[in-house]
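> My structure is in input-v9.tsv, and what it holds is TSV, C-alpha atoms:
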chain	number	residue	atom	x	y	z
A	300	MET	CA	16.74	47.71	42.83
A	301	LYS	CA	18.82	45.82	40.31
A	302	LYS	CA	16.00	43.41	39.74
A	303	ILE	CA	13.62	46.21	38.79
A	304	PHE	CA	16.27	47.87	36.59
A	305	TRP	CA	16.94	44.76	34.50
A	306	PHE	CA	13.21	44.12	34.24
A	307	LEU	CA	12.79	47.61	32.79
A	308	VAL	CA	15.66	47.05	30.35
A	309	SER	CA	14.14	43.82	29.06
A	310	PHE	CA	10.68	45.40	28.71
A	311	ALA	CA	12.18	48.42	26.93
A	312	LEU	CA	13.97	46.23	24.39
A	313	LEU	CA	10.85	44.19	23.81
A	314	ALA	CA	8.71	47.31	23.43
A	315	ALA	CA	11.19	48.84	20.95
A	316	LEU	CA	11.12	45.65	18.88
A	317	GLY	CA	7.33	45.68	18.93
A	318	LEU	CA	7.23	49.33	17.80
A	319	LEU	CA	9.62	48.55	14.97
A	320	LEU	CA	7.49	45.67	13.75
A	321	LYS	CA	4.36	47.81	14.11
A	322	ASN	CA	5.97	50.54	11.99
A	323	SER	CA	6.91	48.04	9.28
A	324	TRP	CA	3.32	46.76	9.32
A	325	ASP	CA	1.95	50.30	8.89
A	326	THR	CA	4.41	50.99	6.05
A	327	VAL	CA	3.26	47.92	4.13
A	328	GLU	CA	-0.37	48.96	4.57
A	329	TYR	CA	0.53	52.44	3.27
A	330	PHE	CA	2.08	50.89	0.16
A	331	GLN	CA	-1.02	48.78	-0.37
A	332	ASP	CA	-3.31	51.81	-0.07
A	333	GLN	CA	-1.28	54.44	-1.97
A	334	GLY	CA	0.94	52.39	-4.28
A	335	ARG	CA	0.51	51.20	-7.84
A	336	GLN	CA	0.88	47.67	-9.08
A	337	ALA	CA	3.39	46.87	-11.84
A	338	THR	CA	5.36	43.97	-13.31
A	339	LEU	CA	9.14	44.11	-13.79
A	340	LYS	CA	11.28	42.01	-16.08
A	341	VAL	CA	14.82	42.06	-14.71
A	342	GLY	CA	17.70	42.54	-17.12
A	343	LYS	CA	21.45	42.54	-16.54
A	344	LYS	CA	23.14	43.33	-13.26
A	345	TYR	CA	25.64	46.13	-12.70
A	346	ASN	CA	28.99	45.15	-11.23
A	347	ALA	CA	29.01	48.08	-8.84
A	348	SER	CA	27.29	47.19	-5.54
A	349	ARG	CA	27.23	49.05	-2.23
A	350	TRP	CA	26.44	48.45	1.43
A	351	THR	CA	23.77	50.25	3.37
A	352	GLU	CA	24.73	53.08	5.72
A	353	PRO	CA	25.32	53.54	8.61
A	354	LEU	CA	24.90	49.83	9.44
A	355	PRO	CA	26.16	47.50	6.71
A	356	LEU	CA	23.29	45.06	7.06
A	357	LYS	CA	22.30	44.93	3.39
A	358	LYS	CA	24.17	44.91	0.11
A	359	ILE	CA	22.36	46.87	-2.60
A	360	HIS	CA	22.57	45.71	-6.22
A	361	ALA	CA	21.63	47.66	-9.33
A	362	TYR	CA	19.82	46.11	-12.32
A	363	THR	CA	18.45	47.21	-15.60
A	364	ALA	CA	14.84	46.22	-16.06
A	365	THR	CA	11.78	46.75	-18.15
A	366	MET	CA	8.47	47.80	-16.70
A	367	LEU	CA	5.99	46.01	-18.85
A	368	PRO	CA	5.10	46.69	-21.51
A	369	ASP	CA	8.08	48.80	-22.75
A	370	HIS	CA	9.45	51.22	-20.13
A	371	GLU	CA	13.23	50.93	-19.57
A	372	ILE	CA	14.03	51.52	-15.93
A	373	LEU	CA	16.84	51.06	-13.45
A	374	ILE	CA	16.20	49.44	-10.08
A	375	GLU	CA	18.19	49.00	-6.88
A	376	SER	CA	17.39	46.17	-4.51
A	377	ASP	CA	18.91	44.30	-1.58
A	378	GLN	CA	17.93	40.95	-3.09
A	379	GLU	CA	19.62	38.82	-5.73
A	380	LEU	CA	17.31	38.93	-8.75
A	381	GLY	CA	17.46	36.51	-11.65
A	382	GLU	CA	18.07	37.82	-15.14
A	383	GLY	CA	14.96	37.54	-17.32
A	384	THR	CA	12.68	36.88	-14.33
A	385	GLU	CA	9.42	38.76	-13.86
A	386	TYR	CA	8.46	40.17	-10.44
A	387	PHE	CA	5.28	41.81	-9.17
A	388	ILE	CA	5.91	45.10	-7.34
A	389	ARG	CA	3.96	47.94	-5.80
A	390	PHE	CA	5.63	51.39	-6.00
A	391	LEU	CA	4.79	54.88	-4.78
A	392	THR	CA	4.45	57.83	-7.07
A	393	ARG	CA	6.53	60.97	-6.57
A	394	ASP	CA	3.74	62.87	-4.81
A	395	VAL	CA	3.49	60.30	-1.98
A	396	ALA	CA	7.05	58.89	-2.04
A	397	GLU	CA	8.39	61.37	0.51
A	398	THR	CA	5.50	60.66	2.87
A	399	GLY	CA	6.17	56.93	2.59
A	400	ARG	CA	9.87	57.39	3.36
A	401	ALA	CA	9.08	59.56	6.37
A	402	LEU	CA	6.59	56.99	7.66
A	403	SER	CA	9.09	54.12	7.63
A	404	ARG	CA	11.67	54.03	10.41
A	405	LEU	CA	13.82	51.67	8.34
A	406	PRO	CA	15.42	52.89	5.09
A	407	LEU	CA	13.55	51.82	1.96
A	408	VAL	CA	16.40	50.43	-0.15
A	409	ASN	CA	14.25	49.13	-3.02
A	410	THR	CA	14.10	52.05	-5.46
A	411	ILE	CA	13.09	52.52	-9.07
A	412	ARG	CA	13.61	55.26	-11.68
A	413	LEU	CA	13.82	55.72	-15.43
A	414	LYS	CA	17.07	54.68	-17.07
A	415	SER	CA	19.24	57.34	-18.77
A	416	GLU	CA	22.22	57.17	-21.09
A	417	ALA	CA	24.56	58.25	-18.27
A	418	ASP	CA	23.89	55.00	-16.41
A	419	GLY	CA	25.90	52.99	-18.92
A	420	THR	CA	25.39	49.40	-20.00
A	421	PRO	CA	26.16	46.50	-17.67
A	422	VAL	CA	29.01	44.22	-18.77
A	423	LYS	CA	30.05	40.80	-17.55
A	424	ILE	CA	33.39	40.64	-15.76
A	425	ALA	CA	35.11	37.26	-15.43
A	426	ASP	CA	35.11	35.66	-12.04
A	427	THR	CA	38.91	35.38	-12.18
A	428	ASP	CA	39.40	39.07	-12.84
A	429	LEU	CA	40.81	39.82	-9.39
A	430	MET	CA	43.32	36.93	-9.56
A	431	ASP	CA	44.38	37.83	-13.09
A	432	ARG	CA	45.11	41.39	-12.07
A	433	ALA	CA	47.21	40.19	-9.11
A	434	ILE	CA	49.24	37.87	-11.39
A	435	GLU	CA	49.89	40.63	-13.94
A	436	LYS	CA	51.02	42.99	-11.23
A	437	ALA	CA	53.38	40.36	-9.78
A	438	MET	CA	54.90	39.50	-13.20
A	439	GLY	CA	55.42	43.12	-14.21
A	440	PRO	CA	54.91	44.76	-17.60
A	441	PRO	CA	55.19	42.50	-20.66
A	442	ALA	CA	58.15	42.65	-23.05
A	443	ALA	CA	58.28	45.09	-25.89
A	444	GLY	CA	56.16	44.08	-28.86
A	445	VAL	CA	53.88	41.71	-26.91
A	446	TYR	CA	50.23	42.36	-27.53
A	447	VAL	CA	48.00	42.32	-24.49
A	448	ALA	CA	44.25	42.29	-25.06
A	449	PRO	CA	42.44	45.05	-23.19
A	450	ARG	CA	40.76	43.84	-20.06
A	451	THR	CA	37.07	44.36	-19.48
A	452	VAL	CA	36.48	47.01	-16.89
A	453	ALA	CA	33.42	47.80	-14.84
A	454	GLU	CA	30.91	50.07	-16.45
A	455	ALA	CA	29.99	53.40	-15.06
A	456	GLY	CA	27.79	52.82	-12.03
A	457	PRO	CA	24.22	54.08	-12.02
A	458	ASP	CA	23.75	57.67	-11.01
A	459	ARG	CA	22.37	57.92	-7.47
A	460	VAL	CA	21.73	61.65	-7.52
A	461	LYS	CA	18.59	61.40	-9.62
A	462	PRO	CA	15.34	61.14	-7.71
A	463	THR	CA	13.88	57.69	-7.20
A	464	VAL	CA	10.69	56.20	-5.76
A	465	PRO	CA	10.51	53.20	-3.37
A	466	PHE	CA	8.79	49.91	-4.13
A	467	LEU	CA	8.08	46.55	-2.49
A	468	PHE	CA	7.95	43.04	-3.90
A	469	THR	CA	4.30	42.11	-3.43
A	470	GLY	CA	1.34	40.81	-5.33
A	471	SER	CA	-2.02	42.46	-5.58
A	472	LYS	CA	-3.61	40.35	-2.81
A	473	ASP	CA	-0.65	39.31	-0.63
A	474	PRO	CA	-1.23	39.65	3.15
A	475	VAL	CA	0.98	41.90	5.23
A	476	PRO	CA	3.03	39.11	6.92
A	477	GLU	CA	3.88	37.61	3.55
A	478	VAL	CA	4.99	40.99	2.21
A	479	LEU	CA	7.23	41.53	5.25
A	480	TRP	CA	8.81	38.11	4.77
A	481	ASN	CA	9.39	38.56	1.02
A	482	ASN	CA	11.10	41.94	1.53
A	483	SER	CA	13.36	40.90	4.45
A	484	THR	CA	16.94	39.72	4.15
A	485	ILE	CA	19.00	37.36	6.25
A	486	GLY	CA	20.76	40.26	7.97
A	487	GLU	CA	17.49	41.80	9.09
A	488	LEU	CA	16.15	38.49	10.37
A	489	PHE	CA	19.38	37.90	12.27
A	490	VAL	CA	19.16	41.34	13.95
A	491	ILE	CA	15.53	40.75	14.95
A	492	ALA	CA	16.37	37.32	16.40
A	493	ALA	CA	19.34	38.75	18.35
A	494	TRP	CA	17.17	41.61	19.61
A	495	ALA	CA	14.51	39.21	20.90
A	496	PHE	CA	17.17	36.97	22.46
A	497	MET	CA	18.75	39.89	24.32
A	498	SER	CA	15.40	40.96	25.75
A	499	LEU	CA	14.77	37.40	26.91
A	500	PHE	CA	18.30	37.21	28.41
A	501	PHE	CA	17.79	40.40	30.45
A	502	PHE	CA	14.39	39.18	31.61
A	503	LEU	CA	15.81	35.88	32.88
A	504	HIS	CA	18.72	37.71	34.49
A	505	ALA	CA	16.31	40.00	36.33
A	506	TRP	CA	14.24	37.02	37.39
A	507	SER	CA	17.28	35.37	39.03
A	508	ILE	CA	18.21	38.44	41.11
A	509	PRO	CA	16.59	38.46	44.62
A	510	PHE	CA	14.49	41.43	45.72
A	511	PHE	CA	16.58	41.88	48.90
A	512	PRO	CA	20.20	41.01	48.08
A	513	ASN	CA	21.45	42.07	51.55
A	514	ARG	CA	19.27	39.55	53.33
A	515	LYS	CA	21.35	36.63	54.46
A	516	ALA	CA	20.57	33.28	53.08
A	517	GLY	CA	19.54	30.37	55.26
A	518	SER	CA	23.08	28.96	55.44
A	519	GLU	CA	24.50	32.33	56.58
A	520	ARG	CA	22.29	32.82	59.63
A	521	LYS	CA	23.72	32.37	63.10
A	522	ASP	CA	21.17	29.78	64.11
A	523	PHE	CA	21.74	27.70	61.00
A	524	VAL	CA	22.55	24.07	61.67
A	525	HIS	CA	23.48	21.73	58.88
A	526	PRO	CA	21.02	18.86	58.52
A	527	SER	CA	23.81	16.33	59.03
A	528	GLN	CA	24.57	17.84	62.46
A	529	ARG	CA	21.05	18.07	63.75
A	530	ARG	CA	20.11	15.94	66.78
A	531	ILE	CA	17.41	13.46	66.07
A	532	ASP	CA	15.67	12.16	69.20
A	533	PRO	CA	14.45	8.59	69.12
A	534	ASP	CA	10.77	7.85	69.12
A	535	ALA	CA	9.08	7.35	72.46
A	536	PRO	CA	8.69	3.67	73.41
A	537	GLU	CA	5.27	2.14	73.29
A	538	ALA	CA	3.27	1.72	76.50
A	539	PRO	CA	3.80	-1.72	78.09
A	540	SER	CA	0.97	-4.16	77.58
A	541	VAL	CA	-0.99	-5.62	80.54
A	542	ARG	CA	0.58	-8.84	81.80
A	543	LEU	CA	-1.65	-11.89	82.03
A	544	GLN	CA	-1.63	-13.68	85.40
A	545	TYR	CA	-2.12	-17.44	85.70
A	546	LYS	CA	-5.03	-18.59	87.81
A	547	PRO	CA	-5.30	-22.30	88.53
A	548	LYS	CA	-8.56	-23.94	87.59
A	549	PRO	CA	-10.50	-25.63	90.47
A	550	ALA	CA	-10.82	-29.40	90.44
A	551	ASP	CA	-14.62	-29.40	90.07
A	552	ALA	CA	-14.64	-26.84	87.30
A	553	HIS	CA	-15.77	-29.44	84.77
A	554	LEU	CA	-19.04	-29.89	86.67
A	555	HIS	CA	-19.92	-26.26	86.33
A	556	ASP	CA	-18.79	-25.85	82.78
A	557	THR	CA	-21.58	-25.17	80.36
A	558	PRO	CA	-21.52	-26.71	76.91
A	559	PRO	CA	-20.58	-24.38	74.16
A	560	ALA	CA	-23.41	-22.54	72.55
A	561	ALA	CA	-22.55	-23.70	69.12
A	562	ALA	CA	-22.83	-27.48	68.63
A	563	VAL	CA	-20.09	-29.26	66.86
A	564	PRO	CA	-21.22	-29.94	63.32
A	565	PRO	CA	-21.77	-33.64	62.58
A	566	PRO	CA	-19.14	-35.36	60.54
A	567	PRO	CA	-19.80	-35.55	56.86
A	568	PRO	CA	-21.59	-38.72	55.68
A	569	PRO	CA	-19.40	-41.42	54.20
A	570	PRO	CA	-19.20	-41.47	50.46
A	571	PRO	CA	-21.71	-43.83	48.82
A	572	LYS	CA	-20.49	-47.23	47.81
A	573	PRO	CA	-20.05	-47.67	44.11
A	574	ALA	CA	-22.79	-49.69	42.44
A	575	SER	CA	-21.83	-53.29	41.61
A	576	ILE	CA	-21.44	-54.04	37.97
A	577	PRO	CA	-22.75	-57.48	36.90
A	578	MET	CA	-20.18	-59.69	35.32
A	579	PRO	CA	-20.90	-60.78	31.73
A	580	ALA	CA	-22.00	-64.40	31.18
A	581	SER	CA	-18.90	-65.23	29.21
A	582	MET	CA	-16.75	-64.52	32.26
A	583	LYS	CA	-18.69	-66.55	34.79
A	584	ILE	CA	-16.71	-69.28	36.52
A	585	THR	CA	-18.10	-72.75	36.90
A	586	PRO	CA	-18.11	-73.81	40.49
A	587	ARG	CA	-15.43	-76.27	41.39
A	588	VAL	CA	-16.61	-79.83	41.96
A	589	THR	CA	-14.99	-81.81	44.67
A	590	LYS	CA	-13.18	-84.71	43.11
A	591	PRO	CA	-13.56	-88.11	44.60
A	592	GLU	CA	-10.62	-90.04	45.76
A	593	ASP	CA	-10.90	-92.42	42.77
A	594	ASP	CA	-10.43	-89.98	39.95
A	595	SER	CA	-10.63	-91.73	36.62
A	596	ARG	CA	-8.77	-88.84	35.03
A	597	ALA	CA	-5.68	-89.55	37.03
A	598	THR	CA	-2.72	-90.41	34.92
A	599	THR	CA	-1.40	-92.97	37.38
A	600	ALA	CA	-2.90	-96.24	38.44
A	601	PRO	CA	-2.95	-97.35	41.99
A	602	PHE	CA	0.19	-99.05	43.07
A	603	VAL	CA	-1.28	-102.57	43.06
A	604	PRO	CA	1.08	-105.10	41.55
A	605	PRO	CA	-0.49	-107.63	39.15
A	606	ALA	CA	-0.64	-111.31	40.00
A	607	GLY	CA	2.61	-113.10	39.86
A	608	ASN	CA	4.54	-109.83	39.42
A	609	ALA	CA	6.13	-108.12	42.29
A	610	ASP	CA	7.05	-105.06	40.22
A	611	THR	CA	4.70	-102.16	40.01
A	612	SER	CA	3.50	-101.13	36.60
A	613	LEU	CA	2.45	-97.64	35.50
A	614	LYS	CA	-0.56	-97.37	33.25
A	615	LEU	CA	-1.00	-94.17	31.32
A	616	LYS	CA	-4.41	-93.09	30.15
A	617	ARG	CA	-5.52	-90.18	28.01
A	618	ARG	CA	-7.25	-87.48	29.94
A	619	PRO	CA	-10.72	-86.88	28.54
A	620	ALA	CA	-11.96	-83.52	27.60
A	621	ALA	CA	-13.50	-81.30	30.24
A	622	ASP	CA	-17.03	-81.44	28.76
A	623	THR	CA	-17.22	-85.29	28.48
A	624	PRO	CA	-17.98	-87.30	31.60
A	625	PRO	CA	-15.14	-89.41	32.81
A	626	PRO	CA	-15.48	-93.16	32.06
A	627	PRO	CA	-15.99	-95.47	34.97
A	628	SER	CA	-12.84	-96.64	36.53
A	629	GLU	CA	-12.08	-100.32	36.25
A	630	PRO	CA	-11.78	-102.23	39.42
A	631	PRO	CA	-8.41	-103.52	40.24
A	632	ALA	CA	-7.70	-107.05	39.12
A	633	GLN	CA	-8.05	-109.71	41.73
A	634	ALA	CA	-5.14	-111.95	42.38
Show the structure stored in the file as structure tokens.


Amino acid sequence: MKKIFWFLVSFALLAALGLLLKNSWDTVEYFQDQGRQATLKVGKKYNASRWTEPLPLKKIHAYTATMLPDHEILIESDQELGEGTEYFIRFLTRDVAETGRALSRLPLVNTIRLKSEADGTPVKIADTDLMDRAIEKAMGPPAAGVYVAPRTVAEAGPDRVKPTVPFLFTGSKDPVPEVLWNNSTIGELFVIAAWAFMSLFFFLHAWSIPFFPNRKAGSERKDFVHPSQRRIDPDAPEAPSVRLQYKPKPADAHLHDTPPAAAVPPPPPPPPKPASIPMPASMKITPRVTKPEDDSRATTAPFVPPAGNADTSLKLKRRPAADTPPPPSEPPAQA
């Protein structure tokens, strides 16, 4: 039941906000259909300002202005307007002003009327006026004979009893969303945002409430067992595999064995021998010639002593070149 109730509250707030925005949309369209376009040149600002009633969401300021070309008027607006700045407005005439006010659910604070002599002339008050007054009151009256210049006081505020007509800040071809944005203040935007947030808050609150609050949760049931205390049975063991029994092979089994169906592949052929490379002629070796026992190129003579000399003598000879034939050896001298 609570869930449905909070759902209805959230939908009611959202529907009320939608109706309010729809009413503002219709009011702007009424101004565009029944209003008149004009251009205002803002003059000086009155010091007297007031808050809207009953909710102080807007602060209304009064200005002197000129409706071009030469109509002196007095305007009240919830926006800070610059002195000497021109604004495009669309206002309602007196015959349709009451219908426009009755159509809008929000008060139309932007008003316009002709200026009279009873409205006074705006004057500029110093920013330190409040502090100066507090200091004078604390110090007391001045001494006798001291001249005190008269202080500037606020002018007579504009008369609010005289009839006025509402207006909106809008151009001739501005769309409705732009007109709503240009005529909204920070206070109004804050209220709309808070309104939408509250409807969303109630919707989420209703979403979190269970449909049957008396139903016990899973942890409150009698048969509830905490997962950490549950018994977990082990998995069933796998079926045992068939055991292989050894059977001895008969002695003559090799006579009855059949060769395997697939022949053993022959071994790969040996790699080919590398081709012999002929040796160049410059590197050929001359075959060795067997030397005779009497080599004339020997550097030593045979150990034959000369006649009449018992001592051996050593004869040295020059070895000829390799390409010249060796000279014939001399026979040993006869004794």

> Go through A:Tyr386, A:Phe304, A:Trp350, A:Trp494 one by one, measure the shortest atom-to-atom distance of each to Ser471 of chain A using all atoms listed in the file, and give the residue with the smallest value.

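For Ser471 of chain A, the nearest of the candidates is A:Tyr386.
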
> For Lys302 of chain A, work out the shell of residues within 10 Å, counting only C-alpha atoms and skipping chain neighbours fewer than 4 positions away, then give it as JSON, numbers by chain.

{"A": [306, 307, 501, 502, 504, 505, 506, 507, 508, 509, 510, 511, 512]}

> Selection from above, C-alpha atoms, as a compact mmCIF listing (two decimals), in the frame of the given file, can you write it?


# COMPACT_ATOMS: atom_id res chain seq x y z
CA PHE A 306 13.21 44.12 34.24
CA LEU A 307 12.79 47.61 32.79
CA PHE A 501 17.79 40.40 30.45
CA PHE A 502 14.39 39.18 31.61
CA HIS A 504 18.72 37.71 34.49
CA ALA A 505 16.31 40.00 36.33
CA TRP A 506 14.24 37.02 37.39
CA SER A 507 17.28 35.37 39.03
CA ILE A 508 18.21 38.44 41.11
CA PRO A 509 16.59 38.46 44.62
CA PHE A 510 14.49 41.43 45.72
CA PHE A 511 16.58 41.88 48.90
CA PRO A 512 20.20 41.01 48.08

> Compare A:Met430, A:Leu405, A:Leu467, A:Leu479 by their minimum atom-to-atom distance to Thr338 of chain A, counting only C-alpha atoms, and give me the closest one.

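Ranked by minimum distance to Thr338 of chain A, first place goes to A:Leu467.
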
> Point out the residue among A:Leu499, A:Leu429, A:Lys546, A:Pro474 with the least atom-to-atom distance to Trp305 of chain A, counting all atoms listed in the file.

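Closest candidate: A:Leu499.
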
> If we count all atoms listed in the file, what is near segment 445-452 of chain A at a cut-off of 10 Å, once residues fewer than 2 positions away on the same chain are taken out, given as a PyMOL selection string?

chain A and resi 346+422-425+428+431-432+440-443+454-455

> Mind pulling up the distance from atom CA of Val408 of chain A to atom CA of Gln331 of chain A?

17.5 Å

> Counting all atoms listed in the file, which residues of segment 484-515 of chain A sit at most 12 Å from some atom of segment 368-379 of chain A, and what is each one's closest atom pair with its distance in Å to one decimal, listed by chain and rising residue number, as a tab-separated table?


residue	atom	partner	partner_atom	distance
A:Thr484	CA	A:Gln378	CA	7.4
A:Ile485	CA	A:Gln378	CA	10.1
A:Gly486	CA	A:Asp377	CA	10.5
A:Glu487	CA	A:Asp377	CA	11.1

> Using all atoms listed in the file, collect all residues at a distance of at most 10 Å from (3.2, 50.8, 4.0) as written in the file, then present them as a short mmCIF file (atom, residue, chain, number, x, y, z; two decimals) with C-alpha atoms, in the frame of the given file.


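Heads up, here's the output in point-v1.cif:
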data_model
loop_
_atom_site.label_atom_id
_atom_site.label_comp_id
_atom_site.auth_asym_id
_atom_site.auth_seq_id
_atom_site.Cartn_x
_atom_site.Cartn_y
_atom_site.Cartn_z
CA ASN A 322 5.97 50.54 11.99
CA SER A 323 6.91 48.04 9.28
CA TRP A 324 3.32 46.76 9.32
CA ASP A 325 1.95 50.30 8.89
CA THR A 326 4.41 50.99 6.05
CA VAL A 327 3.26 47.92 4.13
CA GLU A 328 -0.37 48.96 4.57
CA TYR A 329 0.53 52.44 3.27
CA PHE A 330 2.08 50.89 0.16
CA GLN A 331 -1.02 48.78 -0.37
CA ASP A 332 -3.31 51.81 -0.07
CA GLN A 333 -1.28 54.44 -1.97
CA GLY A 334 0.94 52.39 -4.28
CA LEU A 391 4.79 54.88 -4.78
CA GLY A 399 6.17 56.93 2.59
CA ARG A 400 9.87 57.39 3.36
CA LEU A 402 6.59 56.99 7.66
CA SER A 403 9.09 54.12 7.63
CA PHE A 466 8.79 49.91 -4.13
CA LEU A 467 8.08 46.55 -2.49
CA VAL A 475 0.98 41.90 5.23
#

> For a quick check of your reading of the model, name the residues lying within 7 Å of the coordinate (4.3, 39.2, -6.1), counting all atoms listed in the file, and write them as a list in words.

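In the file's frame, the residues around the point are Tyr386, Phe387, Ile388, Phe468, Thr469 and Gly470 of chain A.
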
> What does the structure give for the distance between atom CA of Arg393 of chain A and atom CA of Val464 of chain A, in Å to one decimal?

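So the two atoms, atom CA of Arg393 of chain A and atom CA of Val464 of chain A, lie 6.4 Å apart.
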
> Figure out the distance between atom CA of Leu407 of chain A and atom CA of Thr392 of chain A, please, to one decimal in Å.

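It comes out at 14.2 Å.
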
> Complete segment 357-368 of chain A with N, CA, C and O atoms (output as a compact mmCIF listing (two decimals), in the coordinates of the input).


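After the write, rebuild.txt holds the following:
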# COMPACT_ATOMS: atom_id res chain seq x y z
N LYS A 357 22.78 45.35 4.70
CA LYS A 357 22.30 44.93 3.39
C LYS A 357 23.28 45.38 2.31
O LYS A 357 23.92 46.43 2.43
N LYS A 358 23.38 44.56 1.28
CA LYS A 358 24.17 44.91 0.11
C LYS A 358 23.21 45.20 -1.04
O LYS A 358 22.40 44.35 -1.41
N ILE A 359 23.31 46.42 -1.59
CA ILE A 359 22.36 46.87 -2.60
C ILE A 359 22.96 46.63 -3.98
O ILE A 359 24.11 46.99 -4.26
N HIS A 360 22.16 46.01 -4.84
CA HIS A 360 22.57 45.71 -6.22
C HIS A 360 21.72 46.53 -7.18
O HIS A 360 20.55 46.84 -6.89
N ALA A 361 22.31 46.86 -8.30
CA ALA A 361 21.63 47.66 -9.33
C ALA A 361 21.39 46.77 -10.55
O ALA A 361 22.26 45.99 -10.95
N TYR A 362 20.21 46.91 -11.16
CA TYR A 362 19.82 46.11 -12.32
C TYR A 362 19.15 47.02 -13.33
O TYR A 362 18.51 48.02 -12.99
N THR A 363 19.30 46.64 -14.57
CA THR A 363 18.45 47.21 -15.60
C THR A 363 17.20 46.34 -15.70
O THR A 363 17.24 45.13 -15.49
N ALA A 364 16.10 46.96 -16.00
CA ALA A 364 14.84 46.22 -16.06
C ALA A 364 13.90 46.91 -17.02
O ALA A 364 14.17 48.01 -17.53
N THR A 365 12.83 46.24 -17.27
CA THR A 365 11.78 46.75 -18.15
C THR A 365 10.46 46.66 -17.41
O THR A 365 10.06 45.57 -16.97
N MET A 366 9.80 47.81 -17.26
CA MET A 366 8.47 47.80 -16.70
C MET A 366 7.49 47.55 -17.83
O MET A 366 7.37 48.37 -18.76
N LEU A 367 6.86 46.41 -17.76
CA LEU A 367 5.99 46.01 -18.85
C LEU A 367 4.88 47.05 -19.05
O LEU A 367 4.34 47.60 -18.08
N PRO A 368 4.62 47.43 -20.32
CA PRO A 368 5.10 46.69 -21.51
C PRO A 368 6.46 47.10 -22.06
O PRO A 368 7.21 46.26 -22.52
